[in-house]
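A short write-up of the structure that comes next.
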Amino acid sequence: MDDDDRPRPRGDAAGRLATEDLAPYSQDELAERIALLEAEIARVEKHRSKAAAHRDAAEALFGRKE
């Protein structure tokens, strides 16, 4: 089994964020949190695009991995 096929471990940062109680946060704090999360999404999408381009280049050079 490839590492990519394994389930993600529980308790990763995204999982903890998804279960955090948001009630204590002010409107300004929530807006700041949204901005930080949007920046993180953009960073992850950029990394995913680079990884896909790297994989595509490897497949073009070595053939598709089955």
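Each chain in the structure tokens gets a letter, A, B and so on, in the order shown; residues start at 1 in every chain, and ligands are counted from 1 in the order they appear.
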
Task: helix (DSSP H, G or I) per DSSP on the backbone: members of chain A, as a ChimeraX atom specification - done: /A:3-5,13-19,27-62

Could those selected residues go to a file with N, CA and C atoms, as a short mmCIF file (atom, residue, chain, number, x, y, z; two decimals), in the first residue's frame?
```cif
data_model
loop_
_atom_site.label_atom_id
_atom_site.label_comp_id
_atom_site.auth_asym_id
_atom_site.auth_seq_id
_atom_site.Cartn_x
_atom_site.Cartn_y
_atom_site.Cartn_z
N ASP A 3 1.94 5.16 0.65
CA ASP A 3 1.68 6.07 1.76
C ASP A 3 0.46 6.94 1.49
N ASP A 4 0.26 7.33 0.22
CA ASP A 4 -0.88 8.19 -0.13
C ASP A 4 -2.21 7.48 0.06
N ASP A 5 -2.21 6.16 0.04
CA ASP A 5 -3.45 5.41 0.17
C ASP A 5 -3.85 5.17 1.63
N ALA A 13 -3.88 18.67 12.41
CA ALA A 13 -4.23 20.07 12.65
C ALA A 13 -5.60 20.44 12.07
N ALA A 14 -5.90 19.98 10.88
CA ALA A 14 -7.19 20.32 10.27
C ALA A 14 -8.34 19.69 11.05
N GLY A 15 -8.15 18.49 11.53
CA GLY A 15 -9.18 17.83 12.31
C GLY A 15 -9.45 18.55 13.63
N ARG A 16 -8.38 19.01 14.26
CA ARG A 16 -8.55 19.75 15.52
C ARG A 16 -9.25 21.08 15.27
N LEU A 17 -8.91 21.75 14.17
CA LEU A 17 -9.57 23.03 13.85
C LEU A 17 -11.07 22.83 13.61
N ALA A 18 -11.41 21.75 12.95
CA ALA A 18 -12.81 21.50 12.59
C ALA A 18 -13.68 21.25 13.81
N THR A 19 -13.10 20.82 14.91
CA THR A 19 -13.90 20.51 16.10
C THR A 19 -13.79 21.58 17.18
N GLN A 27 -16.14 38.75 16.50
CA GLN A 27 -16.31 38.88 15.05
C GLN A 27 -14.97 39.19 14.38
N ASP A 28 -14.18 40.06 14.99
CA ASP A 28 -12.86 40.39 14.42
C ASP A 28 -11.94 39.18 14.44
N GLU A 29 -11.96 38.42 15.51
CA GLU A 29 -11.12 37.22 15.59
C GLU A 29 -11.55 36.18 14.57
N LEU A 30 -12.86 36.06 14.36
CA LEU A 30 -13.35 35.12 13.35
C LEU A 30 -12.94 35.55 11.95
N ALA A 31 -13.00 36.86 11.68
CA ALA A 31 -12.57 37.37 10.37
C ALA A 31 -11.08 37.11 10.15
N GLU A 32 -10.28 37.30 11.20
CA GLU A 32 -8.85 37.03 11.09
C GLU A 32 -8.60 35.54 10.87
N ARG A 33 -9.36 34.72 11.56
CA ARG A 33 -9.23 33.26 11.39
C ARG A 33 -9.56 32.86 9.96
N ILE A 34 -10.63 33.43 9.41
CA ILE A 34 -11.02 33.13 8.03
C ILE A 34 -9.91 33.53 7.07
N ALA A 35 -9.32 34.71 7.28
CA ALA A 35 -8.23 35.17 6.41
C ALA A 35 -7.04 34.22 6.48
N LEU A 36 -6.70 33.77 7.68
CA LEU A 36 -5.59 32.83 7.84
C LEU A 36 -5.89 31.49 7.16
N LEU A 37 -7.12 31.01 7.31
CA LEU A 37 -7.49 29.74 6.68
C LEU A 37 -7.51 29.86 5.16
N GLU A 38 -7.97 31.00 4.64
CA GLU A 38 -7.95 31.20 3.19
C GLU A 38 -6.52 31.23 2.67
N ALA A 39 -5.62 31.86 3.43
CA ALA A 39 -4.21 31.87 3.03
C ALA A 39 -3.63 30.46 3.06
N GLU A 40 -4.02 29.67 4.05
CA GLU A 40 -3.54 28.29 4.13
C GLU A 40 -4.10 27.45 2.99
N ILE A 41 -5.35 27.66 2.64
CA ILE A 41 -5.94 26.94 1.50
C ILE A 41 -5.17 27.27 0.22
N ALA A 42 -4.85 28.54 0.01
CA ALA A 42 -4.09 28.93 -1.18
C ALA A 42 -2.72 28.27 -1.18
N ARG A 43 -2.08 28.21 -0.02
CA ARG A 43 -0.76 27.57 0.08
C ARG A 43 -0.83 26.09 -0.25
N VAL A 44 -1.86 25.42 0.26
CA VAL A 44 -2.02 23.98 0.01
C VAL A 44 -2.34 23.73 -1.46
N GLU A 45 -3.21 24.56 -2.04
CA GLU A 45 -3.54 24.40 -3.46
C GLU A 45 -2.30 24.60 -4.34
N LYS A 46 -1.45 25.57 -3.99
CA LYS A 46 -0.21 25.80 -4.74
C LYS A 46 0.70 24.58 -4.64
N HIS A 47 0.81 24.02 -3.45
CA HIS A 47 1.65 22.84 -3.26
C HIS A 47 1.08 21.65 -4.03
N ARG A 48 -0.25 21.49 -3.99
CA ARG A 48 -0.88 20.39 -4.72
C ARG A 48 -0.62 20.52 -6.21
N SER A 49 -0.69 21.73 -6.74
CA SER A 49 -0.42 21.94 -8.16
C SER A 49 1.01 21.59 -8.51
N LYS A 50 1.96 21.99 -7.65
CA LYS A 50 3.37 21.65 -7.89
C LYS A 50 3.57 20.14 -7.84
N ALA A 51 2.93 19.48 -6.87
CA ALA A 51 3.06 18.03 -6.75
C ALA A 51 2.48 17.33 -7.97
N ALA A 52 1.34 17.82 -8.46
CA ALA A 52 0.72 17.22 -9.65
C ALA A 52 1.62 17.41 -10.88
N ALA A 53 2.21 18.59 -10.99
CA ALA A 53 3.10 18.84 -12.13
C ALA A 53 4.33 17.94 -12.05
N HIS A 54 4.85 17.75 -10.85
CA HIS A 54 6.00 16.88 -10.65
C HIS A 54 5.64 15.43 -11.02
N ARG A 55 4.48 14.99 -10.57
CA ARG A 55 4.02 13.63 -10.90
C ARG A 55 3.83 13.48 -12.39
N ASP A 56 3.20 14.46 -13.02
CA ASP A 56 2.98 14.39 -14.47
C ASP A 56 4.30 14.33 -15.24
N ALA A 57 5.29 15.10 -14.78
CA ALA A 57 6.59 15.08 -15.43
C ALA A 57 7.25 13.71 -15.27
N ALA A 58 7.14 13.13 -14.08
CA ALA A 58 7.71 11.80 -13.84
C ALA A 58 7.02 10.75 -14.69
N GLU A 59 5.68 10.83 -14.77
CA GLU A 59 4.94 9.88 -15.60
C GLU A 59 5.31 10.02 -17.08
N ALA A 60 5.53 11.25 -17.53
CA ALA A 60 5.92 11.47 -18.92
C ALA A 60 7.29 10.88 -19.20
N LEU A 61 8.16 10.94 -18.21
CA LEU A 61 9.51 10.45 -18.38
C LEU A 61 9.61 8.93 -18.20
N PHE A 62 8.97 8.41 -17.16
CA PHE A 62 9.11 7.00 -16.80
C PHE A 62 7.88 6.14 -17.11
#
```
